[in-house]
Each structure stands twice: as structure tokens, then as C-alpha cells.
Amino acid sequence: MRVVWFALLLLLPLAAGAQDGLVPGERGRVVEVVDGDTAILADGLAVRLVGIQAPKLSLGRANVRDWPLAAEARAALAALVLDDEVALSYGGERRDRYGRALAHLHLDDGRWVQGALLRDGWARVYSFRDNRAAVAEMLELERQARAGRRGIWRLDWYRVRTPEETPDDVGSFQLVEGRVRAVALVRGRLYLNYGDDWRTDFTVTVSPRDLKGFDRAGFPYAALEGHRIRARGWLKRFNGPMLEATHPEQLELLGVVVPKG
């Protein structure tokens with residue numbers, strides 16, 4: 001029997017219950033907004049808004065430059081939460097190595113802060129293998145903002161890259177969209193090659209450890225040759241430009257894929 005895998009981006013509607021899996025956590029008043037995705041509560045707890053990445057501010061760090069519209073993104077978060085009570089909720093790992101809460105935020109009127117920032121174009125979806133709650137809904141909100149050229153999406157700096165552009169973007173977080181030319185499984189590691197020469201062209205890779213999670217999700221990687229995928233993550237150089245995916249939500253299937261067999 002063949003199962004059709006539908007793209008999360010195209011076919012999952014926004015649903016009121018999409019955040020039902022979140023577990024309630026602390027409450028507190030926001031007294032400081034550090035940047036577009038970090039806030040401080042009155043009790044001193046730093047909250048990293050999980051699931052999103054806003055444009056970064058240098059914040060006095062050496063050799064770090066402000067990203068375009070970083071100040072505007074911080075202002076957008078401040079307008080939502082500064083001096084207001086927020087409720088924290090969790091859908092995965094609760095603390096990062098800095099002791100910050102990795103939380104979703106909701107205001108007393110029910111507004112979901114991550115969702116508001118994504119809808120207005122002040123952040124990109126940025127998920128992790130141990131924090132994947134509500135990603136499908138967040139991807140849809142990001143898509144709407146990108147289509148409307150809202151917030152950061154009005155700048156070419158944040159545009160979705162083609163595989164051919166990626167050599168210039170190694171060391172940065174990007175969305176890359178293109179057609180997979182070849183699929184290879186080498187010693188348990190998956191390679192999705194976007195060009196004819198794997199030694200120089202853009203590649204998405206998945207480690208043997210993480211591939212188990214793709215298998216559990218029924219991700220049809222063996223059938224992806226010839227299909228368009230939008231991948232997101234940090235670009236590094238290994239042979240050519242490479243993006244390592246640790247969980248399926250990093251790879252949006254742009255269309256319908258019918259697994260082989």
C-alpha cells in the first residue's frame with residue numbers, strides 16, 4: 001500500500017487546537033525586552049521565545065553586527081509584552097545552557113506571542129529536535145508573512161535562497177529552496193544533493209542518530225529525488241555548502257510525494 005505524504009506547509013490549516021500539546025508553566029510580568037525573541041520577567045527569569053528566531057542585535061558583543069531590522073523586531077516584541085503579564089508554556093526542553101526558559105508566551109487576552117511575531121513578519125521559524133511543538137502552525141504563519149512581504153520579508157537580506165546562492169551564505173541561518181537531484185544513504189547518513197556534483201553543490205544531510213526520528217515520522221526521504229524542498233538551518237561548508245537537518249520540520253515538502261514501494 002502506498003501512502004501519500006502531503007507537505008506540512010501547503011495542507012495543514014491553522015487550527016485553534018494546534019497548541020493543545022503545550023504544558024502550562026510559570027507566569028510573570030515582563031520588565032525588559034532584550035531583543036526580538038528574548039524577554040526578562042520581574043523575578044529575573046530570562047525567556048527565550050522558543051520556536052522562532054528574530055533578527056539579532058549585537059548587544060555589545062565583539063565582532064557581532066546587528067542584523068537588518070533587529071531594532072524593529074525588538075520594538076515589536078516590546079509592544080506586545082513589555083509591562084504585561086504573560087503565561088509561559090512548554091512543548092519540549094524547558095531550559096537552555098544559559099538557564100533561559102525555552103517557552104511559548106501567551107497574553108491574558110489569549111494572544112500567542114510567537115504567532116503574532118511570525119504573522120507580522122518579525123521572526124522566522126527556528127525549531128530544534130527537542131522543541132518542536134506547534135511548528136506546523138508557525139510555518140503557516142511565517143508563510144503568510146512572507147507572501148505578504150511583511151516585516152523582515154520586505155528585505156532581500158532575508159529572502160529564501162536558491163541552492164546556487166548558498167556558497168555566499170555559509171555561516172548563516174537560511175531558508176533554501178530547490179529541487180533534489182539525488183538521494184544517497186551512506187553508512188547510515190542521509191544526503192539530499194541539490195546539484196550534480198556533491199563535492200561542490202548544496203547538500204542537506206541527516207545523521208544516523210537523527211534519521212531514526214525521520215523514520216518514526218514516516219518522512220519519505222527515499223522518494224524525494226526530483227521533488228522541491230525548502231530546507232532551513234545554519235549553513236556550513238563540508239565539500240560544498242551543507243545544511244544539517246536534525247528533525248523533519250526543517251524540511252518542507254513543496255507538493256505531494258508518493259513513497260516508493
# chains A, B, ... in the order shown; residues from 1 in each chain; ligands from 1
call {"tool": "closest_atom_pairs", "arguments": {"of": "segment 118-155 of chain A", "to": "segment 231-237 of chain A", "cutoff": "10 Å", "atoms": "only C-alpha atoms", "output": "Markdown table"}}
result
| residue | atom | partner | partner_atom | distance |
| --- | --- | --- | --- | --- |
| A:Arg124 | CA | A:Arg232 | CA | 9.7 |
| A:Val125 | CA | A:Arg232 | CA | 8.7 |
| A:Tyr126 | CA | A:Gly233 | CA | 7.8 |
| A:Ser127 | CA | A:Gly233 | CA | 9.1 |
| A:Phe128 | CA | A:Gly233 | CA | 9.9 |
call {"tool": "write_last_selection", "arguments": {"atoms": "C-alpha atoms", "output": "short mmCIF file (atom, residue, chain, number, x, y, z; two decimals), in the first residue's frame"}}
result
data_model
loop_
_atom_site.label_atom_id
_atom_site.label_comp_id
_atom_site.auth_asym_id
_atom_site.auth_seq_id
_atom_site.Cartn_x
_atom_site.Cartn_y
_atom_site.Cartn_z
CA ARG A 124 11.45 33.11 11.23
CA VAL A 125 10.59 29.62 12.43
CA TYR A 126 13.59 28.11 14.24
CA SER A 127 12.89 24.71 15.77
CA PHE A 128 15.04 22.02 17.40
#
call {"tool": "select_by_dssp", "arguments": {"residues": "segment 57-100 of chain A", "states": "helix (DSSP H, G or I)", "output": "compact mmCIF listing (two decimals) with N, CA and C atoms, in the first residue's frame"}}
result
# COMPACT_ATOMS: atom_id res chain seq x y z
N ALA A 70 16.69 44.49 13.23
CA ALA A 70 16.74 43.91 14.57
C ALA A 70 16.10 44.83 15.61
N ALA A 71 16.34 46.12 15.50
CA ALA A 71 15.74 47.06 16.45
C ALA A 71 14.22 47.08 16.30
N GLU A 72 13.74 46.99 15.07
CA GLU A 72 12.30 46.98 14.84
C GLU A 72 11.66 45.71 15.39
N ALA A 73 12.37 44.59 15.28
CA ALA A 73 11.84 43.34 15.84
C ALA A 73 11.75 43.41 17.36
N ARG A 74 12.77 44.00 17.99
CA ARG A 74 12.70 44.17 19.44
C ARG A 74 11.54 45.08 19.82
N ALA A 75 11.34 46.13 19.06
CA ALA A 75 10.22 47.04 19.34
C ALA A 75 8.88 46.33 19.18
N ALA A 76 8.79 45.44 18.21
CA ALA A 76 7.54 44.69 18.01
C ALA A 76 7.25 43.79 19.21
N LEU A 77 8.28 43.11 19.73
CA LEU A 77 8.06 42.27 20.91
C LEU A 77 7.72 43.12 22.12
N ALA A 78 8.42 44.25 22.28
CA ALA A 78 8.14 45.13 23.42
C ALA A 78 6.70 45.64 23.38
N ALA A 79 6.22 45.98 22.18
CA ALA A 79 4.85 46.47 22.06
C ALA A 79 3.83 45.41 22.49
N LEU A 80 4.19 44.15 22.33
CA LEU A 80 3.29 43.06 22.70
C LEU A 80 3.31 42.76 24.19
N VAL A 81 4.52 42.75 24.81
CA VAL A 81 4.62 42.13 26.14
C VAL A 81 5.19 43.02 27.24
call {"tool": "atom_distance", "arguments": {"atom1": "atom CA of Arg27 of chain A", "atom2": "atom CA of Ser58 of chain A"}}
result
28.5 Å
call {"tool": "atom_distance", "arguments": {"atom1": "atom CA of Ala222 of chain A", "atom2": "atom CA of Leu192 of chain A"}}
result
9.6 Å
call {"tool": "atom_distance", "arguments": {"atom1": "atom CA of Asp109 of chain A", "atom2": "atom CA of Val34 of chain A"}}
result
23.1 Å
call {"tool": "closest_residue", "arguments": {"among": "A:Arg159, A:Arg154, A:Arg119, A:Arg187", "to": "Leu139 of chain A", "atoms": "only C-alpha atoms"}}
result
A:Arg119
call {"tool": "residues_around", "arguments": {"residues": "Val160 of chain A", "least_positions_apart": "4", "cutoff": "10 Å", "atoms": "only C-alpha atoms", "output": "JSON, numbers by chain"}}
result
{"A": [146, 153, 156, 165, 174, 175, 176, 177, 178, 230, 231, 232]}
call {"tool": "select_by_dssp", "arguments": {"residues": "segment 19-146 of chain A", "states": "strand (DSSP E or B)", "output": "ChimeraX atom specification"}}
result
/A:23-35,38-41,46-49,51-53,85-90,92,95,101-107,112,124-126,128,131
call {"tool": "residues_around", "arguments": {"residues": "His106 of chain A", "least_positions_apart": "5", "cutoff": "7 Å", "atoms": "only C-alpha atoms", "output": "PyMOL selection string"}}
result
chain A and resi 86-88+111-113
call {"tool": "residues_around", "arguments": {"residues": "segment 240-242 of chain A", "least_positions_apart": "6", "cutoff": "8 Å", "atoms": "only C-alpha atoms", "output": "PyMOL selection string"}}
result
chain A and resi 166-167+170+198-205
call {"tool": "write_last_selection", "arguments": {"atoms": "N, CA and C atoms", "output": "compact mmCIF listing (two decimals), in the first residue's frame"}}
result
# COMPACT_ATOMS: atom_id res chain seq x y z
N THR A 166 23.94 29.56 -2.12
CA THR A 166 24.39 29.22 -0.77
C THR A 166 25.89 29.35 -0.51
N PRO A 167 26.78 29.24 -1.52
CA PRO A 167 28.20 29.41 -1.18
C PRO A 167 28.51 30.76 -0.53
N VAL A 170 27.48 30.68 3.76
CA VAL A 170 28.00 29.75 4.77
C VAL A 170 28.24 30.51 6.06
N TRP A 198 28.25 16.49 -5.83
CA TRP A 198 28.11 16.56 -4.38
C TRP A 198 29.33 17.15 -3.70
N ARG A 199 30.44 17.21 -4.42
CA ARG A 199 31.67 17.77 -3.83
C ARG A 199 31.63 19.29 -3.73
N THR A 200 30.78 19.93 -4.53
CA THR A 200 30.76 21.40 -4.56
C THR A 200 29.37 21.98 -4.38
N ASP A 201 28.32 21.24 -4.69
CA ASP A 201 26.96 21.78 -4.68
C ASP A 201 26.32 21.68 -3.30
N PHE A 202 25.22 22.38 -3.14
CA PHE A 202 24.48 22.41 -1.87
C PHE A 202 23.91 21.03 -1.54
N THR A 203 24.02 20.64 -0.27
CA THR A 203 23.54 19.34 0.20
C THR A 203 22.86 19.50 1.56
N VAL A 204 21.77 18.76 1.76
CA VAL A 204 21.17 18.60 3.08
C VAL A 204 21.56 17.22 3.58
N THR A 205 21.98 17.14 4.83
CA THR A 205 22.37 15.85 5.41
C THR A 205 21.64 15.61 6.72
call {"tool": "residues_around", "arguments": {"residues": "Asp210 of chain A", "least_positions_apart": "3", "cutoff": "10 Å", "atoms": "only C-alpha atoms", "output": "list in words"}}
result
Arg129, Arg189, Leu190, Thr205, Val206, Ser207, Gly213, Phe214, Asp215, Glu244, Ala245, Thr246, His247 and Pro248 of chain A
call {"tool": "write_last_selection", "arguments": {"atoms": "N, CA and C atoms", "output": "PDB file, in the first residue's frame"}}
result
ATOM      1  N   ARG A 129      15.301  19.626  17.565  1.00  0.00           N
ATOM      2  CA  ARG A 129      14.815  18.255  17.729  1.00  0.00           C
ATOM      3  C   ARG A 129      14.098  18.063  19.063  1.00  0.00           C
ATOM      4  N   ARG A 189      24.023   7.637   7.011  1.00  0.00           N
ATOM      5  CA  ARG A 189      23.806   9.087   6.918  1.00  0.00           C
ATOM      6  C   ARG A 189      23.101   9.400   5.604  1.00  0.00           C
ATOM      7  N   LEU A 190      22.070  10.245   5.698  1.00  0.00           N
ATOM      8  CA  LEU A 190      21.299  10.637   4.522  1.00  0.00           C
ATOM      9  C   LEU A 190      21.878  11.893   3.895  1.00  0.00           C
ATOM     10  N   THR A 205      21.980  17.136   4.835  1.00  0.00           N
ATOM     11  CA  THR A 205      22.370  15.854   5.407  1.00  0.00           C
ATOM     12  C   THR A 205      21.641  15.613   6.722  1.00  0.00           C
ATOM     13  N   VAL A 206      21.438  14.326   7.036  1.00  0.00           N
ATOM     14  CA  VAL A 206      20.819  13.908   8.292  1.00  0.00           C
ATOM     15  C   VAL A 206      21.688  12.801   8.874  1.00  0.00           C
ATOM     16  N   SER A 207      22.081  12.951  10.142  1.00  0.00           N
ATOM     17  CA  SER A 207      22.952  11.968  10.790  1.00  0.00           C
ATOM     18  C   SER A 207      22.202  10.670  11.038  1.00  0.00           C
ATOM     19  N   GLY A 213      14.525   9.529  13.864  1.00  0.00           N
ATOM     20  CA  GLY A 213      13.350  10.360  14.072  1.00  0.00           C
ATOM     21  C   GLY A 213      12.587  10.605  12.781  1.00  0.00           C
ATOM     22  N   PHE A 214      13.306  10.747  11.676  1.00  0.00           N
ATOM     23  CA  PHE A 214      12.646  10.887  10.372  1.00  0.00           C
ATOM     24  C   PHE A 214      11.881   9.612  10.039  1.00  0.00           C
ATOM     25  N   ASP A 215      12.483   8.459  10.346  1.00  0.00           N
ATOM     26  CA  ASP A 215      11.796   7.193  10.091  1.00  0.00           C
ATOM     27  C   ASP A 215      10.524   7.075  10.925  1.00  0.00           C
ATOM     28  N   GLU A 244      22.641  20.753   7.940  1.00  0.00           N
ATOM     29  CA  GLU A 244      22.334  19.524   8.664  1.00  0.00           C
ATOM     30  C   GLU A 244      20.955  19.634   9.298  1.00  0.00           C
ATOM     31  N   ALA A 245      20.070  18.722   8.928  1.00  0.00           N
ATOM     32  CA  ALA A 245      18.718  18.680   9.480  1.00  0.00           C
ATOM     33  C   ALA A 245      18.677  17.662  10.611  1.00  0.00           C
ATOM     34  N   THR A 246      18.134  18.067  11.750  1.00  0.00           N
ATOM     35  CA  THR A 246      18.050  17.176  12.901  1.00  0.00           C
ATOM     36  C   THR A 246      16.635  16.671  13.152  1.00  0.00           C
ATOM     37  N   HIS A 247      15.640  17.257  12.469  1.00  0.00           N
ATOM     38  CA  HIS A 247      14.257  16.830  12.656  1.00  0.00           C
ATOM     39  C   HIS A 247      13.459  17.187  11.406  1.00  0.00           C
ATOM     40  N   PRO A 248      12.374  16.464  11.133  1.00  0.00           N
ATOM     41  CA  PRO A 248      11.672  16.610   9.857  1.00  0.00           C
ATOM     42  C   PRO A 248      11.121  18.003   9.584  1.00  0.00           C
TER      43      PRO A 248
END
call {"tool": "closest_residue", "arguments": {"among": "A:Gly121, A:Pro208, A:Gly25, A:Pro68", "to": "Ala101 of chain A", "atoms": "only C-alpha atoms"}}
result
A:Gly25
call {"tool": "residues_around", "arguments": {"residues": "Gly151 of chain A", "least_positions_apart": "6", "cutoff": "8 Å", "atoms": "only C-alpha atoms", "output": "list in words"}}
result
Asp120, Gly121, Trp122 and Ala145 of chain A
call {"tool": "write_last_selection", "arguments": {"atoms": "N, CA and C atoms", "output": "compact mmCIF listing (two decimals), in the first residue's frame"}}
result
# COMPACT_ATOMS: atom_id res chain seq x y z
N ASP A 120 3.29 38.92 11.70
CA ASP A 120 3.66 40.27 11.29
C ASP A 120 5.04 40.33 10.64
N GLY A 121 5.71 39.20 10.53
CA GLY A 121 6.96 39.15 9.81
C GLY A 121 8.18 39.57 10.60
N TRP A 122 8.16 39.42 11.91
CA TRP A 122 9.30 39.86 12.73
C TRP A 122 10.17 38.70 13.20
N ALA A 145 3.23 35.70 6.22
CA ALA A 145 4.00 36.95 6.30
C ALA A 145 4.95 37.09 5.11
call {"tool": "closest_residue", "arguments": {"among": "A:Arg179, A:Phe173, A:Gly226, A:Leu118", "to": "Gly148 of chain A", "atoms": "only C-alpha atoms"}}
result
A:Leu118
call {"tool": "closest_residue", "arguments": {"among": "A:Leu251, A:Val23, A:Ala103, A:Leu59", "to": "Ala136 of chain A", "atoms": "only C-alpha atoms"}}
result
A:Leu251
call {"tool": "closest_atom_pairs", "arguments": {"of": "segment 84-113 of chain A", "to": "segment 47-56 of chain A", "cutoff": "10 Å", "atoms": "only C-alpha atoms", "output": "CSV"}}
result
residue,atom,partner,partner_atom,distance
A:Leu88,CA,A:Val47,CA,8.8
A:Ser89,CA,A:Val50,CA,10.0
A:Tyr90,CA,A:Val50,CA,8.7
A:Gly91,CA,A:Val50,CA,9.1
A:Gly92,CA,A:Val50,CA,9.4
A:Glu93,CA,A:Val50,CA,9.6
A:Arg94,CA,A:Val50,CA,9.4
A:Arg95,CA,A:Arg48,CA,9.0
A:Asp96,CA,A:Arg48,CA,8.7
A:Gly99,CA,A:Val47,CA,9.0
A:Arg100,CA,A:Val47,CA,5.3
A:Ala101,CA,A:Val47,CA,4.6
A:Leu102,CA,A:Val50,CA,5.1
A:Ala103,CA,A:Val50,CA,5.3
A:His104,CA,A:Leu49,CA,5.8
A:Leu105,CA,A:Leu49,CA,7.1
A:Val113,CA,A:Leu49,CA,8.5
call {"tool": "write_last_selection", "arguments": {"atoms": "N, CA and C atoms", "output": "tab-separated table (two decimals), in the first residue's frame"}}
result
chain	number	residue	atom	x	y	z
A	88	LEU	N	3.74	31.35	30.59
A	88	LEU	CA	4.69	30.51	29.88
A	88	LEU	C	4.11	29.12	29.69
A	89	SER	N	4.42	28.49	28.58
A	89	SER	CA	4.06	27.09	28.37
A	89	SER	C	5.18	26.41	27.60
A	90	TYR	N	5.23	25.10	27.74
A	90	TYR	CA	6.37	24.34	27.23
A	90	TYR	C	5.90	23.18	26.35
A	91	GLY	N	6.71	22.91	25.33
A	91	GLY	CA	6.43	21.79	24.44
A	91	GLY	C	7.64	20.93	24.20
A	92	GLY	N	8.66	21.08	25.05
A	92	GLY	CA	9.89	20.32	24.88
A	92	GLY	C	10.86	20.66	25.99
A	93	GLU	N	12.14	20.69	25.66
A	93	GLU	CA	13.17	21.06	26.64
A	93	GLU	C	12.84	22.42	27.25
A	94	ARG	N	12.97	22.54	28.59
A	94	ARG	CA	12.50	23.76	29.27
A	94	ARG	C	13.58	24.80	29.51
A	95	ARG	N	14.83	24.42	29.53
A	95	ARG	CA	15.91	25.37	29.79
A	95	ARG	C	17.05	25.15	28.81
A	96	ASP	N	17.70	26.25	28.42
A	96	ASP	CA	18.89	26.10	27.58
A	96	ASP	C	20.13	26.16	28.47
A	99	GLY	N	20.41	28.82	31.12
A	99	GLY	CA	19.39	28.89	32.15
A	99	GLY	C	18.14	29.63	31.73
A	100	ARG	N	18.04	30.01	30.46
A	100	ARG	CA	16.84	30.70	29.99
A	100	ARG	C	15.69	29.71	29.81
A	101	ALA	N	14.47	30.17	30.08
A	101	ALA	CA	13.29	29.36	29.81
A	101	ALA	C	13.05	29.30	28.31
A	102	LEU	N	12.84	28.11	27.79
A	102	LEU	CA	12.52	27.91	26.37
A	102	LEU	C	11.01	27.73	26.28
A	103	ALA	N	10.31	28.84	26.17
A	103	ALA	CA	8.86	28.82	26.39
A	103	ALA	C	8.09	29.52	25.29
A	104	HIS	N	6.85	29.09	25.14
A	104	HIS	CA	5.85	29.84	24.38
A	104	HIS	C	5.20	30.83	25.35
A	105	LEU	N	4.85	32.00	24.84
A	105	LEU	CA	4.24	33.03	25.66
A	105	LEU	C	2.82	33.32	25.19
A	113	VAL	N	2.21	34.96	21.55
A	113	VAL	CA	3.22	35.95	21.17
A	113	VAL	C	4.04	35.47	19.98
call {"tool": "closest_residue", "arguments": {"among": "A:Asp130, A:Gly36, A:Glu252, A:Tyr191", "to": "Arg143 of chain A", "atoms": "only C-alpha atoms"}}
result
A:Glu252
